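Data block for final.cif (mmCIF, C-alpha atoms and all ligand atoms):
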```
data_coords
#
loop_
_atom_site.label_atom_id
_atom_site.label_comp_id
_atom_site.auth_asym_id
_atom_site.auth_seq_id
_atom_site.Cartn_x
_atom_site.Cartn_y
_atom_site.Cartn_z
CA MET C 1 172.23 57.75 -19.28
CA ALA C 2 170.73 55.00 -21.41
CA GLU C 3 168.86 52.24 -19.59
CA SER C 4 170.82 49.01 -19.67
CA ASP C 5 169.21 46.20 -21.58
CA ASP C 6 169.32 43.55 -18.87
CA ARG C 7 167.25 40.40 -18.83
CA TYR C 8 166.28 39.17 -15.39
CA CYS C 9 164.92 35.69 -14.81
CA PHE C 10 162.74 34.52 -11.90
CA ILE C 11 160.66 31.50 -11.01
CA VAL C 12 157.09 32.49 -10.24
CA GLU C 13 154.03 30.58 -9.11
CA TRP C 14 150.41 31.17 -9.86
CA TYR C 15 147.59 29.38 -8.07
CA ASP C 16 145.15 28.30 -10.75
CA ALA C 17 141.94 28.16 -8.73
CA PHE C 18 140.00 26.63 -11.60
CA ALA C 19 142.34 23.64 -11.89
CA ALA C 20 143.13 23.80 -8.14
CA LEU C 21 146.87 23.56 -8.72
CA VAL C 22 149.96 25.71 -8.53
CA ARG C 23 151.55 26.48 -11.89
CA ARG C 24 155.21 27.45 -12.19
CA TYR C 25 156.67 29.75 -14.79
CA GLN C 26 159.95 31.21 -15.84
CA PHE C 27 159.38 34.95 -15.62
CA LEU C 28 161.67 37.07 -17.78
CA TYR C 29 161.87 40.80 -17.26
CA TYR C 30 163.60 43.14 -19.72
CA SER C 31 164.50 46.32 -17.89
CA LYS C 32 165.08 48.54 -20.92
CA ASP C 33 161.55 48.51 -22.27
CA LYS C 34 159.86 47.08 -19.14
CA SER C 35 158.58 44.00 -20.88
CA VAL C 36 157.74 40.57 -19.55
CA GLU C 37 157.80 37.11 -21.06
CA MET C 38 156.58 33.93 -19.35
CA VAL C 39 157.31 30.29 -20.08
CA ASP C 40 155.42 27.38 -18.50
CA ILE C 41 158.10 25.31 -16.80
CA LYS C 42 156.30 21.98 -16.95
CA ASN C 43 155.66 21.83 -20.68
CA HIS C 44 158.28 24.39 -21.82
CA ARG C 45 155.60 26.30 -23.68
CA MET C 46 155.51 30.03 -24.13
CA PHE C 47 152.76 31.26 -21.83
CA LEU C 48 153.03 34.99 -22.41
CA LYS C 49 154.98 36.40 -25.32
CA ARG C 50 157.08 39.46 -24.68
CA THR C 51 154.67 42.19 -23.59
CA LYS C 52 155.25 45.69 -22.29
CA VAL C 53 154.08 46.22 -18.70
CA ASP C 54 154.67 49.85 -17.82
CA ASP C 55 153.44 49.60 -14.25
CA ILE C 56 155.93 46.89 -13.23
CA GLY C 57 159.46 47.96 -12.33
CA LEU C 58 162.53 46.01 -11.29
CA GLU C 59 161.94 47.28 -7.74
CA ASP C 60 158.74 45.19 -7.62
CA LEU C 61 160.58 41.97 -8.38
CA TYR C 62 162.22 40.12 -5.49
CA ILE C 63 161.94 36.74 -3.82
CA GLY C 64 158.71 36.68 -1.84
CA SER C 65 157.05 39.51 -3.73
CA THR C 66 153.61 39.33 -5.25
CA ILE C 67 152.44 41.17 -8.34
CA ASN C 68 149.20 41.23 -10.24
CA LEU C 69 149.70 40.69 -13.96
CA PHE C 70 146.64 40.58 -16.20
CA SER C 71 144.46 39.61 -13.21
CA ARG C 72 146.78 36.79 -12.19
CA GLN C 73 148.52 37.04 -8.87
CA LEU C 74 152.12 35.84 -9.29
CA THR C 75 154.40 35.00 -6.38
CA PHE C 76 158.16 35.18 -6.87
CA VAL C 77 159.69 32.06 -5.36
CA ASP C 78 163.27 31.99 -6.68
CA TYR C 79 165.85 33.48 -8.98
CA GLY C 80 165.87 31.79 -12.37
CA ASP C 81 169.55 32.22 -13.30
CA ASP C 82 172.92 33.22 -11.85
CA PHE C 83 173.00 36.62 -13.51
CA THR C 84 169.77 37.62 -11.78
CA LYS C 85 170.86 36.14 -8.47
CA ASN C 86 174.28 37.82 -8.47
CA ARG C 87 172.90 41.12 -9.65
CA LEU C 88 170.04 41.36 -7.20
CA THR C 89 171.03 39.52 -4.00
CA MET C 90 172.84 42.56 -2.61
CA LYS C 91 170.31 45.07 -3.87
CA LYS C 92 167.41 43.18 -2.34
CA GLU C 93 168.83 42.43 1.08
CA LYS C 94 166.15 41.82 3.71
CA THR C 95 165.95 42.42 7.42
CA LEU C 96 163.44 42.01 10.21
CA GLY C 97 162.40 45.10 12.09
CA MET C 98 160.08 45.14 15.06
CA ILE C 99 158.40 47.91 17.01
CA LYS C 100 158.50 46.75 20.61
CA PRO C 101 155.52 47.13 23.00
CA ASP C 102 156.65 50.44 24.55
CA ALA C 103 156.80 52.12 21.15
CA VAL C 104 153.68 50.75 19.47
CA SER C 105 151.91 54.01 20.29
CA LYS C 106 154.61 55.74 18.19
CA MET C 107 154.14 53.44 15.20
CA GLY C 108 153.16 56.26 12.85
CA SER C 109 156.29 58.30 13.53
CA ILE C 110 158.55 55.25 13.34
CA LEU C 111 157.07 54.04 10.05
CA ASP C 112 157.37 57.56 8.72
CA LEU C 113 161.10 57.62 9.56
CA ILE C 114 161.52 54.34 7.69
CA TYR C 115 159.76 55.69 4.60
CA ALA C 116 161.76 58.91 4.79
CA SER C 117 164.98 56.86 4.85
CA GLY C 118 164.05 55.33 1.50
CA MET C 119 163.87 51.76 2.83
CA LYS C 120 161.01 49.68 1.54
CA ILE C 121 158.54 47.88 3.83
CA THR C 122 157.52 44.64 2.14
CA LYS C 123 155.69 42.87 4.99
CA LEU C 124 154.06 44.20 8.13
CA LYS C 125 152.00 42.61 10.85
CA MET C 126 150.96 43.27 14.43
CA CYS C 127 151.29 40.24 16.74
CA HIS C 128 151.29 39.59 20.46
CA LEU C 129 153.93 37.03 21.45
CA ASN C 130 153.49 34.68 24.36
CA ARG C 131 156.46 33.69 26.52
CA ASN C 132 157.31 30.55 24.57
CA GLU C 133 157.28 32.43 21.29
CA ALA C 134 159.38 35.25 22.73
CA PHE C 135 161.87 32.68 24.04
CA GLU C 136 162.11 31.11 20.61
CA PHE C 137 162.63 34.51 18.98
CA TYR C 138 165.38 35.47 21.43
CA GLN C 139 167.00 32.00 21.60
CA GLU C 140 170.47 33.53 21.00
CA HIS C 141 170.20 35.22 24.42
CA GLN C 142 169.67 32.00 26.41
CA GLY C 143 171.65 32.20 29.64
CA LYS C 144 172.08 35.98 29.54
CA PRO C 145 171.20 37.78 32.79
CA PHE C 146 168.75 40.15 31.07
CA LEU C 147 166.74 37.43 29.29
CA ASP C 148 163.93 37.11 31.83
CA ASN C 149 163.43 40.84 31.94
CA LEU C 150 163.52 41.01 28.13
CA LEU C 151 160.87 38.28 27.78
CA SER C 152 158.52 40.02 30.23
CA TYR C 153 158.93 43.27 28.32
CA ILE C 154 158.45 41.85 24.83
CA THR C 155 155.30 39.93 25.85
CA SER C 156 153.80 42.90 27.75
CA GLY C 157 151.82 44.08 24.72
CA PRO C 158 151.56 43.82 20.96
CA VAL C 159 154.56 44.27 18.68
CA ILE C 160 154.68 45.24 15.02
CA ALA C 161 156.99 43.09 12.90
CA PHE C 162 158.06 44.13 9.42
CA GLU C 163 160.34 43.12 6.60
CA LEU C 164 162.56 45.81 5.12
CA MET C 165 164.18 45.36 1.76
CA GLY C 166 166.88 47.20 -0.15
CA GLU C 167 170.61 47.54 -0.59
CA GLY C 168 172.43 47.07 2.71
CA THR C 169 169.17 47.06 4.68
CA VAL C 170 170.48 45.08 7.65
CA GLY C 171 173.12 47.72 8.37
CA ARG C 172 171.00 50.69 7.39
CA TRP C 173 168.21 49.69 9.77
CA ARG C 174 170.70 49.09 12.64
CA GLU C 175 172.14 52.55 11.94
CA LEU C 176 168.70 54.13 12.05
CA LEU C 177 168.02 52.29 15.35
CA GLY C 178 171.17 53.51 17.09
CA PRO C 179 172.94 51.85 20.07
CA THR C 180 171.10 49.22 22.18
CA ASP C 181 170.98 51.40 25.31
CA SER C 182 168.65 54.36 24.72
CA ALA C 183 170.73 56.58 27.02
CA VAL C 184 173.87 55.84 25.03
CA ALA C 185 171.89 56.44 21.84
CA ARG C 186 170.89 59.91 23.06
CA LYS C 187 174.56 60.74 23.51
CA GLU C 188 176.04 59.12 20.44
CA ASN C 189 173.27 59.28 17.85
CA PRO C 190 170.59 61.70 19.05
CA THR C 191 168.46 61.48 15.91
CA SER C 192 168.29 57.67 16.02
CA ILE C 193 165.06 55.81 16.80
CA ARG C 194 166.26 54.51 20.17
CA ALA C 195 167.43 57.99 21.17
CA ARG C 196 164.07 59.48 20.27
CA PHE C 197 161.64 56.78 21.32
CA GLY C 198 163.53 54.44 23.70
CA LYS C 199 163.50 54.64 27.51
CA ASP C 200 166.50 52.65 28.75
CA LYS C 201 168.64 49.67 27.83
CA THR C 202 165.76 47.21 27.87
CA MET C 203 162.87 49.32 26.63
CA ASN C 204 164.54 50.57 23.50
CA ALA C 205 161.63 50.97 21.09
CA CYS C 206 162.66 48.73 18.20
CA HIS C 207 164.50 45.60 17.20
CA GLY C 208 166.68 44.94 14.16
CA SER C 209 168.34 41.73 12.98
CA ASP C 210 172.10 41.77 13.46
CA GLY C 211 173.04 40.04 10.18
CA VAL C 212 171.71 38.52 6.98
CA ALA C 213 171.47 34.99 8.43
CA THR C 214 169.72 36.17 11.61
CA ALA C 215 167.38 38.21 9.44
CA ALA C 216 166.39 35.12 7.47
CA ARG C 217 165.61 33.21 10.67
CA GLU C 218 163.73 36.10 12.28
CA LEU C 219 161.72 36.81 9.13
CA GLU C 220 160.71 33.15 8.97
CA PHE C 221 159.63 33.39 12.62
CA PHE C 222 157.19 36.24 12.00
CA PHE C 223 156.32 35.50 8.37
CA PRO C 224 156.52 31.72 7.99
CA SER C 225 156.78 30.54 4.39
CA VAL C 226 154.99 27.30 5.24
CA GLY C 227 152.33 26.45 7.78
CA PRO C 228 149.88 28.74 9.55
CA SER C 229 150.61 32.45 9.85
CA ARG C 230 151.35 33.94 13.25
CA LYS C 231 148.21 34.84 15.19
CA ASN C 232 147.05 38.42 14.71
CA THR C 233 145.79 40.79 17.39
CA ALA C 234 142.34 41.68 16.01
CA LYS C 235 139.71 41.99 18.74
CA PHE C 236 136.55 42.04 16.61
CA ASP C 237 134.58 44.39 18.86
CA ASP C 238 133.83 48.15 18.92
CA CYS C 239 135.70 48.31 15.66
CA THR C 240 135.70 49.44 12.06
CA CYS C 241 137.90 48.67 9.08
CA CYS C 242 140.36 51.02 7.41
CA ILE C 243 142.65 50.25 4.49
CA ILE C 244 145.52 52.47 3.45
CA LYS C 245 145.40 52.10 -0.31
CA PRO C 246 148.41 51.07 -2.44
CA HIS C 247 149.00 54.52 -3.95
CA ALA C 248 149.31 55.99 -0.43
CA VAL C 249 151.54 53.14 0.81
CA LEU C 250 153.79 53.38 -2.26
CA GLY C 251 153.77 57.17 -1.95
CA GLY C 252 155.27 56.83 1.56
CA LYS C 253 152.22 58.31 3.31
CA ALA C 254 151.32 55.38 5.58
CA GLY C 255 153.26 56.64 8.61
CA ARG C 256 151.62 60.06 8.47
CA ILE C 257 148.15 58.60 7.97
CA ILE C 258 148.61 56.28 10.96
CA ASN C 259 149.88 59.20 13.02
CA ALA C 260 146.80 61.25 12.18
CA ILE C 261 144.56 58.33 13.19
CA THR C 262 146.22 57.69 16.55
CA GLU C 263 146.55 61.38 17.34
CA ALA C 264 142.79 61.71 16.88
CA GLY C 265 142.37 59.18 19.68
CA PHE C 266 141.54 56.03 17.71
CA GLU C 267 143.14 52.75 18.73
CA ILE C 268 144.81 50.70 15.99
CA SER C 269 144.38 47.23 17.48
CA MET C 270 145.55 45.36 14.40
CA LEU C 271 147.34 46.21 11.20
CA GLN C 272 148.83 44.13 8.42
CA MET C 273 150.13 44.57 4.90
CA PHE C 274 148.28 42.68 2.17
CA PHE C 275 148.77 42.21 -1.56
CA MET C 276 145.19 41.78 -2.68
CA GLU C 277 144.18 39.44 -5.46
CA LYS C 278 141.61 40.63 -7.97
CA ALA C 279 139.01 38.07 -6.88
CA ASN C 280 139.36 39.21 -3.25
CA ALA C 281 139.21 42.89 -4.09
CA GLU C 282 136.07 42.28 -6.14
CA GLU C 283 134.50 40.36 -3.30
CA PHE C 284 135.46 43.00 -0.76
CA TYR C 285 133.99 45.81 -2.88
CA GLU C 286 130.94 43.77 -3.92
CA VAL C 287 128.46 46.24 -2.41
CA TYR C 288 129.74 49.02 -4.68
CA LYS C 289 129.33 46.99 -7.87
CA GLY C 290 126.76 48.60 -10.17
CA VAL C 291 126.31 51.38 -7.60
CA VAL C 292 129.52 53.33 -7.78
CA GLN C 293 130.82 54.30 -11.21
CA GLU C 294 134.43 53.85 -10.11
CA TYR C 295 133.99 50.20 -9.07
CA ASN C 296 136.45 48.75 -11.62
CA ALA C 297 139.02 51.46 -11.00
CA MET C 298 138.67 50.85 -7.25
CA VAL C 299 139.36 47.14 -7.72
CA ASN C 300 142.40 47.95 -9.87
CA GLU C 301 143.75 50.38 -7.31
CA LEU C 302 143.37 47.90 -4.45
CA THR C 303 145.28 45.21 -6.39
CA SER C 304 147.98 47.53 -7.70
CA GLY C 305 150.40 47.07 -4.79
CA PRO C 306 150.67 46.69 -1.02
CA SER C 307 147.84 47.97 1.14
CA ILE C 308 147.71 48.18 4.92
CA ALA C 309 144.49 46.95 6.53
CA MET C 310 143.66 47.99 10.08
CA GLU C 311 141.17 47.27 12.82
CA ILE C 312 140.30 50.67 14.29
CA ARG C 313 138.69 50.76 17.72
CA ALA C 314 136.78 53.51 19.49
CA GLN C 315 133.39 54.15 20.96
CA ASN C 316 130.93 54.15 18.09
CA ALA C 317 133.90 53.38 15.84
CA PRO C 318 132.23 53.08 12.39
CA VAL C 319 130.50 56.47 12.60
CA ALA C 320 133.26 58.31 14.43
CA PHE C 321 135.98 57.05 12.11
CA ARG C 322 133.96 57.75 8.97
CA GLU C 323 133.77 61.37 10.09
CA MET C 324 137.52 61.51 10.27
CA VAL C 325 138.01 59.92 6.84
CA GLY C 326 135.80 62.49 5.13
CA PRO C 327 133.98 62.61 1.77
CA ALA C 328 134.94 60.03 -0.89
CA ASP C 329 136.22 62.72 -3.26
CA PRO C 330 139.36 64.43 -1.91
CA GLU C 331 138.61 67.59 -3.95
CA ILE C 332 135.29 67.96 -2.18
CA ALA C 333 136.89 66.98 1.12
CA ARG C 334 139.50 69.75 0.73
CA HIS C 335 136.72 72.30 0.33
CA LEU C 336 134.28 71.08 2.93
CA ARG C 337 136.31 69.10 5.46
CA PRO C 338 139.97 70.11 5.08
CA ARG C 339 141.20 68.25 8.16
CA THR C 340 139.93 64.82 7.12
CA LEU C 341 142.25 62.03 5.98
CA ARG C 342 141.08 62.17 2.39
CA ALA C 343 141.48 65.94 2.22
CA LEU C 344 145.01 65.63 3.59
CA PHE C 345 146.25 62.53 1.80
CA GLY C 346 143.97 61.78 -1.18
CA ASP C 347 144.61 62.48 -4.87
CA ASP C 348 141.27 61.73 -6.52
CA LYS C 349 138.10 59.67 -6.04
CA VAL C 350 139.88 56.36 -6.62
CA LYS C 351 143.25 57.24 -5.13
CA ASN C 352 141.59 58.71 -2.06
CA ALA C 353 144.20 57.45 0.41
CA VAL C 354 141.99 55.23 2.56
CA HIS C 355 138.97 53.00 2.48
CA CYS C 356 136.78 52.88 5.55
CA THR C 357 133.63 50.90 6.26
CA ASP C 358 130.55 52.79 5.07
CA LEU C 359 127.73 51.21 7.05
CA PRO C 360 128.08 50.38 10.75
CA GLU C 361 126.54 46.93 10.17
CA ASP C 362 129.35 46.06 7.73
CA ALA C 363 132.23 47.10 9.99
CA LEU C 364 132.76 43.78 11.73
CA LEU C 365 132.34 41.88 8.47
CA GLU C 366 135.06 43.92 6.81
CA VAL C 367 137.43 43.51 9.75
CA GLU C 368 136.75 39.78 9.71
CA TYR C 369 137.35 39.63 5.97
CA PHE C 370 140.95 40.69 6.46
CA PHE C 371 141.82 39.21 9.82
CA LYS C 372 139.82 35.97 9.78
CA ILE C 373 139.66 35.12 6.08
CA LEU C 374 142.63 36.66 4.24
CA ASP C 375 145.10 36.22 7.13
CA ARG C 376 144.89 32.44 7.13
O1 LIG H 1 168.68 44.72 20.17
P1 LIG H 1 170.18 44.72 20.02
O2 LIG H 1 170.65 43.77 18.95
O3 LIG H 1 170.72 46.09 19.86
O4 LIG H 1 170.78 44.19 21.42
P2 LIG H 1 170.99 42.69 21.93
O5 LIG H 1 172.31 42.67 22.66
O6 LIG H 1 170.78 41.71 20.86
O7 LIG H 1 169.84 42.53 23.03
C1 LIG H 1 168.52 42.27 22.67
C2 LIG H 1 167.62 43.12 23.52
O8 LIG H 1 167.75 42.74 24.88
C3 LIG H 1 167.94 44.61 23.51
O9 LIG H 1 167.41 45.27 22.38
C4 LIG H 1 167.32 45.06 24.82
O10 LIG H 1 165.91 45.24 24.68
C5 LIG H 1 167.56 43.86 25.72
N1 LIG H 1 168.79 44.06 26.57
C6 LIG H 1 168.65 44.30 27.93
O11 LIG H 1 167.52 44.35 28.43
N2 LIG H 1 169.75 44.49 28.72
C7 LIG H 1 170.99 44.42 28.21
N3 LIG H 1 172.03 44.59 29.00
C8 LIG H 1 171.15 44.16 26.83
C9 LIG H 1 170.02 43.98 26.04
MG MG H 2 170.49 41.68 18.79
#
```
Please go through the file and, once you have read it, give me the structure as structure tokens.
Amino acid sequence: MAESDDRYCFIVEWYDAFAALVRRYQFLYYSKDKSVEMVDIKNHRMFLKRTKVDDIGLEDLYIGSTINLFSRQLTFVDYGDDFTKNRLTMKKEKTLGMIKPDAVSKMGSILDLIYASGMKITKLKMCHLNRNEAFEFYQEHQGKPFLDNLLSYITSGPVIAFELMGEGTVGRWRELLGPTDSAVARKENPTSIRARFGKDKTMNACHGSDGVATAARELEFFFPSVGPSRKNTAKFDDCTCCIIKPHAVLGGKAGRIINAITEAGFEISMLQMFFMEKANAEEFYEVYKGVVQEYNAMVNELTSGPSIAMEIRAQNAPVAFREMVGPADPEIARHLRPRTLRALFGDDKVKNAVHCTDLPEDALLEVEYFFKILDR
């Protein structure tokens, strides 16, 4: 079947650090030949003439997404015309999912089920709600007899909130969750998440928004579009830094990688999805510049899509975790250390599945880079 020759139009923003201002563009995407054209909205001037961009697909373009185009990080803030809006609103439906405290230890398996279902995770963050926050989140249940119990449960430990995107995602995620009561779920939908990981009708492993409007409110709660971001759970002690690289996230391997990490006894005390800007990736990899031949390719990989940064805790975390990650080159890892993360999940020296802190003295700095500096 021939590709249709559709033209999609979005409004994007780029923060011009040099001029210290946000520039807005009309972003046109031609799906047939995967080309992009950009027009500066303020002065109506052509900013980028139609150019082929093979690594950008329509699936990367949705409200709230971030892409790196010629070293500029563009944020998609709105649809630019009715055709695009009508065509994509349904396809790019969003919902809020949350792994509740009782199931955080199962995060790898749950994320893996999501990836296996074909749904796309576009935001992800571990948080620990206090009672006021939990009350705000569950405001629709004010006056219900189970509210007090529910608030105690949801504040009893960290939760992992995420945004899912795709056609019919609200309903698809509710279907994957199964009935509210885990016991009922085991009878009626035994392969569902609540059947497999839930305990009873309160501790039921995961949350899902019940409609598009609720989803919008709940997404704004966890991922506010203005103002400070919700506080993360990083502890900044006995820790090291691990990043699941974009190729592994996009390849649907994140759940399995996380599973391998927790099964080996490491604690994941914080995790969050980031879309790294080139300047940040360069800064983060600074120590490798001029030392490692792959430096530029590493920067490109880290900015090529979503990555998941984690604070990993254990005794002697930097050294112990490095052991588990294995040699930088997955080919070598497969020969010498076949059970390491890179042997199991890496493709080549650049797409080697995960980054981990090299030197123990850098571990805290790297964790702070993500969870104190980038997560502002
Ligand atoms: O989460 P879901 O939309 O399936 O159910 P809900 O009716 O919106 O209730 C929200 C949450 O409250 C549930 O997921 C349970 O954790 C909890 N709940 C409870 O503890 N006891 C009930 N009888 C009903 C719900
Ligand atoms: Mg509900």
| message | Which residues are near ligand LIG 1 (chain H) - at most 6 Å, using all atoms listed in the file? Format: as a list in words. | response |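 Checked against 6 Å with all atoms listed in the file; the hits are Phe146, Leu150, Thr180, Lys201, Thr202, Met203, Asn204 and His207 of chain C.
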| said: Using all atoms listed in the file, which residues have at least one atom no more than 8 Å from ligand MG 2 (chain H)? Output them as JSON, numbers by chain. | reply: {"C": [207, 208, 209, 210]}
Around the point (132.5, 58.5, 9.0) in the file's coordinates, collect all residues with an atom within 10 Å, using all atoms listed in the file, and return them as a short mmCIF file (atom, residue, chain, number, x, y, z; two decimals) with C-alpha atoms, in the coordinates of the input.
```cif
data_model
loop_
_atom_site.label_atom_id
_atom_site.label_comp_id
_atom_site.auth_asym_id
_atom_site.auth_seq_id
_atom_site.Cartn_x
_atom_site.Cartn_y
_atom_site.Cartn_z
CA ALA C 317 133.90 53.38 15.84
CA PRO C 318 132.23 53.08 12.39
CA VAL C 319 130.50 56.47 12.60
CA ALA C 320 133.26 58.31 14.43
CA PHE C 321 135.98 57.05 12.11
CA ARG C 322 133.96 57.75 8.97
CA GLU C 323 133.77 61.37 10.09
CA MET C 324 137.52 61.51 10.27
CA VAL C 325 138.01 59.92 6.84
CA GLY C 326 135.80 62.49 5.13
CA PRO C 327 133.98 62.61 1.77
CA THR C 340 139.93 64.82 7.12
CA CYS C 356 136.78 52.88 5.55
CA THR C 357 133.63 50.90 6.26
CA ASP C 358 130.55 52.79 5.07
CA LEU C 359 127.73 51.21 7.05
CA PRO C 360 128.08 50.38 10.75
#
```
Output, as AutoDock Vina command-line options, the centre and edge lengths in Å (one decimal) of the axis-aligned box that contains all listed atoms of stretch 213-216 of chain C with 3 Å of margin on each side.
```
--center_x 168.9 --center_y 36.6 --center_z 9.5 --size_x 11.1 --size_y 9.2 --size_z 10.1
```
| field | Separation of atom CA of C:Phe70 from atom CA of C:Val36 in Å | value |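 The value is 11.6 Å.
In terms of minimum interatomic distance to C:Lys253, C:Ile114 ranks closest within C:Leu302, C:Ile114, C:Ile63, C:Leu177, counting all atoms listed in the file.
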| request: Would you list the contacts of C:Phe76 as number ranges by chain, taking every protein, DNA or RNA residue within 8 Å and counting only C-alpha atoms, but skipping same-chain residues closer than 6 positions in sequence? | output: C: 10-13, 61-66
Residue selection dump (C-alpha atoms) as a CSV table (one decimal), in the coordinates of the input:
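To be explicit, this is the file written out as out01.csv:
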```
chain,number,residue,atom,x,y,z
C,10,PHE,CA,162.7,34.5,-11.9
C,11,ILE,CA,160.7,31.5,-11.0
C,12,VAL,CA,157.1,32.5,-10.2
C,13,GLU,CA,154.0,30.6,-9.1
C,61,LEU,CA,160.6,42.0,-8.4
C,62,TYR,CA,162.2,40.1,-5.5
C,63,ILE,CA,161.9,36.7,-3.8
C,64,GLY,CA,158.7,36.7,-1.8
C,65,SER,CA,157.0,39.5,-3.7
C,66,THR,CA,153.6,39.3,-5.2
```
| note | Using all atoms listed in the file, the residue out of C:Ala17, C:Ile41, C:Val212, C:Ile261 with shortest distance to C:Gly168 is C:Val212
Check which residues of stretch 157-255 of chain C sit at most 10 Å from stretch 105-112 of chain C using only C-alpha atoms, and return one row each with the closest pair of atoms and their distance in Å to one decimal, ordered by chain and rising number, as a Markdown table.
```
| residue | atom | partner | partner_atom | distance |
| --- | --- | --- | --- | --- |
| C:Val159 | CA | C:Met107 | CA | 9.8 |
| C:Ile160 | CA | C:Met107 | CA | 8.2 |
| C:Phe162 | CA | C:Leu111 | CA | 10.0 |
| C:Ile193 | CA | C:Ile110 | CA | 7.4 |
| C:Arg196 | CA | C:Ile110 | CA | 9.8 |
| C:Phe197 | CA | C:Lys106 | CA | 7.8 |
| C:Ala205 | CA | C:Lys106 | CA | 9.0 |
| C:Cys206 | CA | C:Ile110 | CA | 9.1 |
| C:Gly252 | CA | C:Asp112 | CA | 7.5 |
| C:Lys253 | CA | C:Asp112 | CA | 7.5 |
| C:Ala254 | CA | C:Asp112 | CA | 7.2 |
| C:Gly255 | CA | C:Asp112 | CA | 4.2 |
```
Write out, as a PDB file, in the coordinates of the input, the residues just selected, with C-alpha atoms.
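Contents of again-v4.pdb, freshly written:
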```pdb
ATOM      1  CA  VAL C 159     154.560  44.270  18.680  1.00  0.00           C
ATOM      2  CA  ILE C 160     154.680  45.240  15.020  1.00  0.00           C
ATOM      3  CA  PHE C 162     158.060  44.130   9.420  1.00  0.00           C
ATOM      4  CA  ILE C 193     165.060  55.810  16.800  1.00  0.00           C
ATOM      5  CA  ARG C 196     164.070  59.480  20.270  1.00  0.00           C
ATOM      6  CA  PHE C 197     161.640  56.780  21.320  1.00  0.00           C
ATOM      7  CA  ALA C 205     161.630  50.970  21.090  1.00  0.00           C
ATOM      8  CA  CYS C 206     162.660  48.730  18.200  1.00  0.00           C
ATOM      9  CA  GLY C 252     155.270  56.830   1.560  1.00  0.00           C
ATOM     10  CA  LYS C 253     152.220  58.310   3.310  1.00  0.00           C
ATOM     11  CA  ALA C 254     151.320  55.380   5.580  1.00  0.00           C
ATOM     12  CA  GLY C 255     153.260  56.640   8.610  1.00  0.00           C
TER      13      GLY C 255
END
```
